[in-house]
Structure formats: C-alpha cells, structure tokens
Amino acid sequence: MIAAQDLQTEFQFPQEADSQLSSDTDFEDPDGKNAKTGKGMQAGKKGRRVFGDKAKGAGGGRGPAPGWVNGHHQNGMESMTLFEVVKMGKSATQSVVDDWIEAYKHDRDSALLDLINFFIQCSGCKGAVSAEMFRHMQNSEIIRKMTEEFDEDSGDYPLTLSGPQWKKFRISFCDFISVLVRQCQYSIIYDEYMMDTIISLLTGLSDSQVRAFRHTSTLAAMKLMTALVNVALNLSINMDNTQRQYESERNKVVAKRANDRLELLLQKRKELQENQDEIENMMNAIFKGVFVHRYRDAIAEIRAICIEEIGVWMKLYSDAFLNDSYLKYVGWTMHDKQGEVRLKCLTALQGLYYSRELGTRLELFTSRFKDRIVSMTLDKEYDVAVQAIKLLTLVLQSSDEVLTAEDCESVYHLVYSAHRPIAVSAGEFLFKKLFSHQVPEEEGLPRRGRQSLNGSLIKTTVFFFLESELHEHGAYLVDSLWECGSELLKDWETMISLLLDEPMPGEEALTDRQETALVELMLCAIRQACECHPPVGRGTGKRVLTAKEKKTQLDDRTRITEMFAVALPLLLAKYCVDIDKVTNLLQIPKYFDLDIYTTGRLEKHLDALLRQIWEVVDKHTDIEVLEACSTTYHYLCNEEFTIFNRVDIARSQLLDELVDKFSRLLEDFLLEGEEPDADDAYHILSTLKKISAFHNAHDLSKWDLFTSNYRLLNTGLQNGDMPEQIVIHAMQCTHYVILWHLAKVSDSSSLKGDMVTLRKQMRAFCLMCQRYLNSINTAVKEQAFTILCDLLLIFSHQIMSSGREQLEPLVYTPDSLLQAELLNFILDQVFIDQDDDNNSTDGQHDDEASKIEALHKRRNLLAAYCKLIIYNVVEMNTGADIFKQYMRYYNDYGDIIKETMSKTRQIDKVQCAKTLILSLQTLFNEMLSELGFTIDRSSSAFCGIKELARRFSLTFGLDQLKTREAIAMLHKNGIEFAFKEPSPQGEGSPPLNLAFLDILSEFSSKLIRQDKRTVHMYLERFMTFQMALQREDCWLPLISYRNSLQVGGDDDTMSVISGISSRGSTVRSKKSKPTAASKRKLPEAEENSCSSSDAVWMNREQNMQTPVMMHSPHLTSTVLRDPKKMRPEDGYTATYTMPTEQHPHQPVPSQQQPHHHHQAAIDYNTQVTWMLTQRQQAEARQQQERVSMQYAKMRNHMQQAIRRGSGLMEDDEEPIVEDVMMSSEDRLEDINEGMDFDTMDIDLPASKNRRERTELKPDYFDPSSIMDDSVLNVSMF
C-alpha cells in the first residue's frame, strides 16, 4: 500500500448505510475487470511502492496502444502530448482517458511517464521527465531536477493565466482527473502501481518550494481525492446491497437456500471490502500527505482549494467525513486573513446546513463556531459578509434555538447597510425569522384587510422599524425586504385599512407614532414598485428592466392609482393637521397614472384631492408641507393630460387668494405708524411662506411680487426692526421672481423692455442684499450672502454661453467693494471655531446634531464663494485668504479648498501660483505682526506656514513641465517678497522677510534644472557679496534656499570647501552670474531651452542696482584634499597657490612655500581676479567638451534628440538621467545578489522535514496551529 505515516485516525467507513443511490448491480463490471481476489489485504500489509520503485520489466515488450505512439496522442497528422490535448479542450475527456487506459494496458511505464509529464507541464515547467530518469531516479531527485529546469522568467503558470482558454484548461484539467479515476475504478486503481506513482508524485510536488508545482499538484491531489471519495461511496453502497442480499438469502429455509449464491455473495463482499481498504489507504495518503500541510499554505488560492474540496467530501460522503475530525479544519480556517479562503469556508458549510438531515449532525460544530460566523457578518469583504448571513439563514432554518436574540439583532441592523447584497441577505434573514413562523392562514380569516394575516405581518414590520430607531431609513428597509417579501409590501389595501378602519373589539389600535411609520413604509413601497431601482446611496444606478419587470411595473402603477385615487383624500382628511403624515401622503400622487382619472371616471376623487390640498395649504405654515403641496400641484398640472384645466383652475384660485391676502396684509403692515404687533407679523410671514413655496415650482409672473417684496425689504433696512424670518422669505421670494423673469427673457420671443426691467430689478436686488450683508442678524446675513452668490454666478459672463449673446446687457460684475464684503463675510462666519458658533447652534452647544448641522451650513457658504472664484466672478487673488486656512481647517473644509485650488490651476496656472504665494505671504506678515521682527524658525507658527507650503507644493503633481511657468513665477514673487523690506536693525542685518526663503524652498523640488539656474541668477540680483559670506543663524534661510537651487554637475559649481567647513567657520562659494563680457556661449539646443519668461526675468528692471556676487573658482587643487587635515585657522584663501605667470606683480619664491606665507602677501582683490579668470577658463574647457558630447549624442540617439526638440531639457541632463538609471540598476543588483527567488514562496521552514514537523505540539483550538498527524485523532469538542 501507499507509504504514508501511520496516523491514529484512519478513514473508517460505515458498514451499513441507508442509501438507495444504486442497486446491487451498479458496481458489477460487465467486462470482468474486477476479477481479482485477496489483493487488497496483502497490499495493505506490505506497503505501497514509492515513486522511484518500479518493476523494471513491468509492461516492457508490449506493443504501443492504438492512438498513442511514443507517448504522444495521434490526432490526424498531428502528434500532441497529453497536456496539449487537454489544453485544446476540443477532444472529449472521455476519449482521451480511454486512449490513455489502452496505452497503459500495453505499456504501463510509458503511459505513466506520459501522465507524469502531463502534471509537470500543467505546472508550467518546460522540462520533461525522461524514461531514464523515471527508471533510476527517486521522487525527490526528479522534482529537484524539474525545479532546476523551471522557467523563472515569469511567475505565471497555466492555473494563474488569464483568458478564456486558460479558464477552460482548469476545468478540463479537473475533469481529466475525475474521469481518469472513474474509468479506472474497477481494476487499474487497485494494481498497486498507477495510484502509488501518481499519489507519490503529487505528494512530493505539493511540498515543493516552487509555487507552480505546489499549486498545481494540490489541485490535482484534491480532485483526485474527490474522485476517490465517489469511488468509496459506490463501494459502500454496493457493500450494503451485497450484505442485504446475503442476509436475505441466508434467512431462507434450507430447502430454498442457494449455497452457490451465498458463496458468490461472500466472495463479492470480500472483494469489495479489500477494494475499500485500498481506497481508504489512498485517501489517507492524500489527506495526510497533502491536505494537512497545504490547508495552511502561504498561498491563499491553495488554501481555498483544500477547504473547497473538503466541503465536497463532507457533503458527498457524510458518513465518513462529517465529523469533528474534519469539520475543525473548516472552523479554524474561518479565521484566515484572506477573504477568498473565508468565503470558501462559508460556501462549504452552506452545502452542509442546506440539508436538514446533515444539519442535525452539526450541532457541536455550530455551538463552537457560531460566534465566529456571526462576527463574519461584519467582514470587511462584502462577499464574505453576504455568505455569512446566508449561512446564518440556513442555520435558522435548521433550528430556531441555536441563534440567540443577540445573534439575531447583530444581523437585523444590516438591513440598513448601504451595500445592497448584504442588505438583501439580511432582509431574507429578517423575513424568515419574523414572518415564516407565523400561524398559517385559517379558513375564516380574510385574505386582505385589517383582520388578514398580512395585517399582523405589516404590524410586525412597523414594530421592527420603530425599534430599530433608524426612522429616516424606511426606504432601505423596504428595499432589503423587497425580494423576499414584495407581496407583503404591495398589500396597500391592508395598509389603508389599518390607517382608516376602526379597530375591532379587543384589538389594539395603532399609536400615532406607529401610524406615522406605517405611512412612511407605505410611501417607500409605492416608490419601490413604481421606480424599480434601489434608493439613493444603495446601488450603482438604474438598470435596464426586462419585459416582465416592465409589465409588473405598469400593473403596480395602475393598481396604486386606482386604489389611492379614492383613499388619498380620505387619508389627507384624517391626518390633515399631522405634518409628517401629510408630507409623506402628498408625495403619493407623483406615482399616479393620471390618465386613469379620466378613463376610470375618477374626476370626483380628483376634486376631493384638490380640496384637501387647499385645506392643507390653509392650515399649515411648515415649509416641508407647503413645498409638498406645491410639488403635487406641479405634477398634476401637466398639459399632456385632460385633467390639466381642472387642476389649473384650482391652482389659480388658490394663488389669487394668497397674493390678495399678502397685498392687504402688506399695506396694513407698512402703513401703521407704530411698531407692528406679533399677530400682523405672523400673518404676513405665513402668507409669504406659502407664496415662496409655490413660486419655487410655479411661475407667478402675472402677479407683481417684486415691488411688494422690495418695499418690504427696504422698510426693514430703514427701520431695522423687521423680523428676520420675514426678511429671509422676502429675499427668497424676490430671488424666485428674478429667476422666473430670466427664464422668460431667455426666450427669443421676449420683448426688449422685459430685459431692461429685469436688469434694473436684478441690480437693485443685488444692492439690497449687499446692504443686508451688514445686518446684525446672522440668519439674514447668511441668506443675503447665499442669494448674492447665486445671482452673481447666474448673471456672470457665463450667461452668454450656448448662443445666448443677446443676454449680454444682463451681465453683472461685482465691484471691489462687494468682493471685499463677500470675502469678509466668509472670514467672519465660516472660519471660526466650533465653540464660537453661538448663533448657528441655537444655544445647544452640547448637541452633536446641531453642531453637524451648523458645520454643514458653513460648508455650503464656503462652497458658494469658492464657485465664484472658480468661475472667475471674483478675482482669483481673493482666494489667498481662503487657501491660507487649508491646514488650520483641514478637517472641516479641506476637501473644498483643495478642489478649489485644483480648479483654479486648470483655469490659470500662473495666477493660481501667485495666489498660493500670496496666501503664504499673508500668513508670514500676520506672524510678524504677532511675534515681532525676531523670527523663531522653530516656532509653531513658522512651522505651520512651512507645512502649508509643503502641502501646496504637493498639489502641483509630478509633471514639472506642465507647471514650469507657474512654479517659476511663484519663486520670483517669493524672492521679491523676501528682499522687499530692509532690516529694521540697519545695514548688515538680514532683510525683514528673509526667513520667507526657508518657506519658499519647499517649492524648489518642483523646478526643472534649467529653471533652477534661472531662479538662482535672479536671486543673486538681490544679494550683495557680503550677504554670501554671512554664516550666522539669521542668514540660514538664504543659505538653505540657495542650496535647494543647486542642481549638481559641472555647471552647478559648489564651494570647494562646502563639504569641509564646519558650522560657519568657512565660507561656501556661490555660483556667479556671468557678466556680459564673460558670459559663456551656449549651444543652440541650450539657448532654445530658455523660455521667454526666463528672458523677461533676466532683462526686466535694467535700472536695478544690485551688486553681482563674486564666486570662488572650482579648483581641483583642493577638491582632493582630506577635509580633516585642513586647519580651522586657515583662511578662505589658504588653500590656493598662485602661479607666477598669472600674477607677475607677486614675488616668485625659489621653492614652493607653505600656504600661510602666500596668504600674507596676496591681497583680497587679486585673489578674486585670479578666481574669476580660473573659473572662466574652466567653463570654456567644459563647454567645448559638452559640445563634442552633444554632437555624438545627437548622432547616436536621434530619437531622443527629436523627443527633446522642445528645448525644455538641457544638453547635460541626459548623462545625469543615465547615471541615475545605472545607479538604480546597480542598487537592485546589490539587493538581489545571492537571492534565490525560488525560495520566496516557502510555506514551511526549510529546516523542518516531515518527521521534524510531527514533533511540533499545536494548540488544537488555535486556527494558526500546525496540523499534522499527531492531532488528527484529537476531537476538539
């Protein structure tokens, strides 16, 4: 038998099984292939051969099988390997397996060799096992040889490749193994050769360090195990049948008993028992050799394969596998860190819990792992959470007592999840928990209505909705229950009966709160039936409905109209004074099919509905109710339907009454000499609310509402005692008047006088709102600001777009005063601390909901102003005061400010950069005014500005060429600002704003190389020679900024002692600005690379008197000197030796003297002259070398030269890029040196072999414990 470790737990197959899957003839072999006796027991004692143990003469000398020549399948003129045949997938798997079996019968060594190479090739290995290797090499040696020949250029192999061909290959691969075992189940698998070889090979490959071998062999071994489980199941069934036949024959009387048949049945049972023993050994070998180690593999796909297959085994052959010894693997793996593996665990368990018979045998497992399954309903992987809920639903079906109330409540709240599959699964769980166990409908119980079964179920739904305390999510609850309980939710007749009918004697009536919830759920169910898509926030969007769904939608809409056209007026009459109920009820008509009013002769019910809406308008002043009435009238007043005239007349009568009442009240209100009383203010406010609500959806232009509202607003400004709500709604109503007037003027048929009138009204109203910006009332100021922002945006230059040039006279541009007032409002009302917002929270500082509402309001105000910046209504530089708040108010408004910066950069990059630098300068000036002239660069204020600059720098992205001009302009403005103010301490001290250069250095990384030179030269215009020599701490911003502009290379000359000097004792040399006489000649490519803006920079302000800083030459005589050997007392020129021929006025010593002898004799000006001469000569030599190098590059790399034809890259940039690439490659080589990539996927320590692993003592309930042979017999329960 197979050589495997002896485990304490072996597969024990039950001797009796009540299964009728097959008769006693199912296992009989018509060809007589299973005519072998006693082979199984003997084989079990002597052990199986390992992979390298072959009978040398076995099968040799036999002729090749039909269809196979030299291990290749003959298909017409082609010769293909077994792998290629399965890969093509064109041939039937059955015929391929039959051909291989025939070949095995003629020459089993050759056929097995082909099968071995099939598994090797399926792993993606290019090598092949030869016949010589097969005969003489051991299993481990062959695998090692194949590992050496594995193609490591790519990590892909057939099982991981994408595409339809490779997906079919995986299916064909699994089918091939299943069919192979099924076709060989009568004789070949018992020959102690084929299965021994295959199992030994797969076991060895599954322990390989190569992922491809491990993955492929594990899949093959698991599918092989599944096929053997099917064989074992058939054997068990046949043994049961044989045993029953034997018992039946033996119980006969002696005269009728057939002894020959008894002997045959005994012989057959013995053979079946032997075969079952062999199958048991094979499965034990696979389970212990492959599964026990690979279910904990490092690769999630391999672990998922193991768990998926063990679920199949437990479902197929539950008598053998459905016990604690195997269930514990699934339970432990539910803690896997990969969602794919956890998902396989749940799907495997679903197959078990689906059967009630199997569910009763899972009680111990359920009690042990129930908590884990419940917690997985909140899994971060949505698919896992969905399957966990479905599994709990199956557990609920199998037993009501398993899940506690707490377990169920953890699933209940998921019906409000934004992820629809989770919500639908939770809805199914809720429906089966609450509704499936109700008493069945009795004969005397009505089918519909208050006393029906649905009546109690609808009440239960309402109770659940209220207990969940998430009243605003009724649409989510209905959507979650729709797929499983749509029939219940569509029982609107019962809902109406529950609302209108009086309760029966002894029946408990619904409370007001319950009726409100029922009305909301009824409205949500109507919306779901008519719109047929999930509510907002759940789902990706509307999907295309099928023909059946469209028919259902139309039928539901017709039924809703017929039912609620009659019931809605009654419901409105009953709940007329209830705000929440009326608001929801008034939304139902928009789902009506209005034609039914005419075709169904329901006009009288329409009149009743209109009368009820009139009553609602008359009794209510709540904005939500009034807007719902306005929206209902808007939907009913549709000219396409015949009911339009009837509804339009009712609407006109209602509006006439409201406008007349408002005019009368206004006259009385304004003519009174004394202050108006509260009653007058209330009446005019309620009427104004109703007019504003209707003006939002209806054109009231025929009533002159602008004059009356303007008078009201003007009186409020003059007297200053107008109630704030009257002012707010008067502004809103006037705003609607102007918008409706604009819509009329936009029509080409409008008169010119209308445009003139609109222009006057609009400008007058804008001035009125501007005056109200200075009101002492916060709510009034917010309303004025919001309306001003809307009007400025609507009447900006955008109004002429899309061919509306005739509206040009209406364009209104705010003046600087209005822009300043809008900005001051934002700074005063938006950028405030949460605790300072006294007015917006209505005194409820501790109420979190009020704080959130106040923050939402402030965000809307800021967004309104930012839209003015984005659409160029106000100057972009006004955004500087907004951008400077980016860091301080990042949590509240960071997303709005960042989006504004992004949009402004798209409009004008340069102006946006100027705005950003202006915001930094503003913060810097504020810091100076607070801290004084002495700046502490470690202070929190300065660090905050520097961090803000870093954030601004990140917003420019990685494409430096796109932002080149903007970044350059930013540096220019920053440099000018840094040197703008002289030092208050007098000459010799740094400029007042010099520390700003430290902030500006955050943007240096965004400069391209040639622009760094340009910026550096522009900086030197503002510097004096003495500034460059300063090394005090107060000059560090200048030093650090200059260093950030150094780009490296020959052109970027650094001081020869910059790396040698210590803490200010030496002087760093700076890059000089070439004079006109000594300026080096650039090649054409470099001259073209200078942008026009660079030329402007260098040539503007010719009268600027800025001394040129002198630079030290790049001397090779000191570069190689050890810095540690230089003495600190040596001066700046102590390292230079002056050649005699260059300085004839200096005495020539007879021999070279120490440096300090020359220092005394050479004056400073002579040194500077010599340094400049040396620098010019060195630059000339370097430039000649560059020209030669550039010429060679242009010849050898023509494509690169063409690509750089824009002139944005310097001629010396390419070598730097090449050097960087080379150094990166070198670093990669250093990292990878000595790294064996074959060992990257090691799943177990290499030093521990199988025997050493058995010595590890795992924690049996720890999901991460190592499972080996020593714990298979340990029950975890």
# chains A, B, ... in the order shown; residues from 1 in each chain; ligands from 1
>>> residues_around(residues="region 819-825 of chain A", least_positions_apart="4", cutoff="12 Å", atoms="only C-alpha atoms", output="MDAnalysis selection string")
chainID A and resid 769:775 778 781:789 792 813:815 829:832 858 861:862 864:866 868:869 872:882
>>> select_by_dssp(residues="region 105-179 of chain A", states="helix (DSSP H, G or I)", output="PyMOL selection string")
chain A and resi 105-106+108-122+131-136+139-148+164-179
>>> residues_around(residues="Thr599 (chain A)", least_positions_apart="2", cutoff="12 Å", atoms="only C-alpha atoms", output="PyMOL selection string")
chain A and resi 558+561-562+593-597+601-603+641-643
>>> write_last_selection(atoms="C-alpha atoms", output="CSV table (one decimal), in the first residue's frame")
chain,number,residue,atom,x,y,z
A,558,THR,CA,-52.3,51.1,-12.3
A,561,THR,CA,-53.6,54.9,-8.9
A,562,GLU,CA,-56.9,53.1,-8.7
A,593,ASP,CA,-51.0,57.3,-13.9
A,594,LEU,CA,-53.0,60.5,-14.5
A,595,ASP,CA,-54.9,59.0,-17.4
A,596,ILE,CA,-56.8,56.7,-15.1
A,597,TYR,CA,-58.6,59.8,-13.6
A,601,ARG,CA,-64.1,58.2,-14.3
A,602,LEU,CA,-62.5,59.3,-11.0
A,603,GLU,CA,-62.9,63.1,-11.6
A,641,PHE,CA,-53.4,65.1,-19.6
A,642,THR,CA,-57.0,66.0,-19.8
A,643,ILE,CA,-57.2,66.9,-16.2
>>> atom_distance(atom1="CA of Leu453 (chain A)", atom2="CA of Tyr476 (chain A)")
23.9 Å
>>> atom_distance(atom1="CA of Leu521 (chain A)", atom2="CA of His634 (chain A)")
24.1 Å
>>> atom_distance(atom1="CA of Leu457 (chain A)", atom2="CA of Ile560 (chain A)")
20.5 Å
>>> closest_residue(among="A:Thr1014, A:Asn709, A:Gln885, A:Thr1024", to="Phe979 (chain A)", atoms="only C-alpha atoms")
A:Thr1024
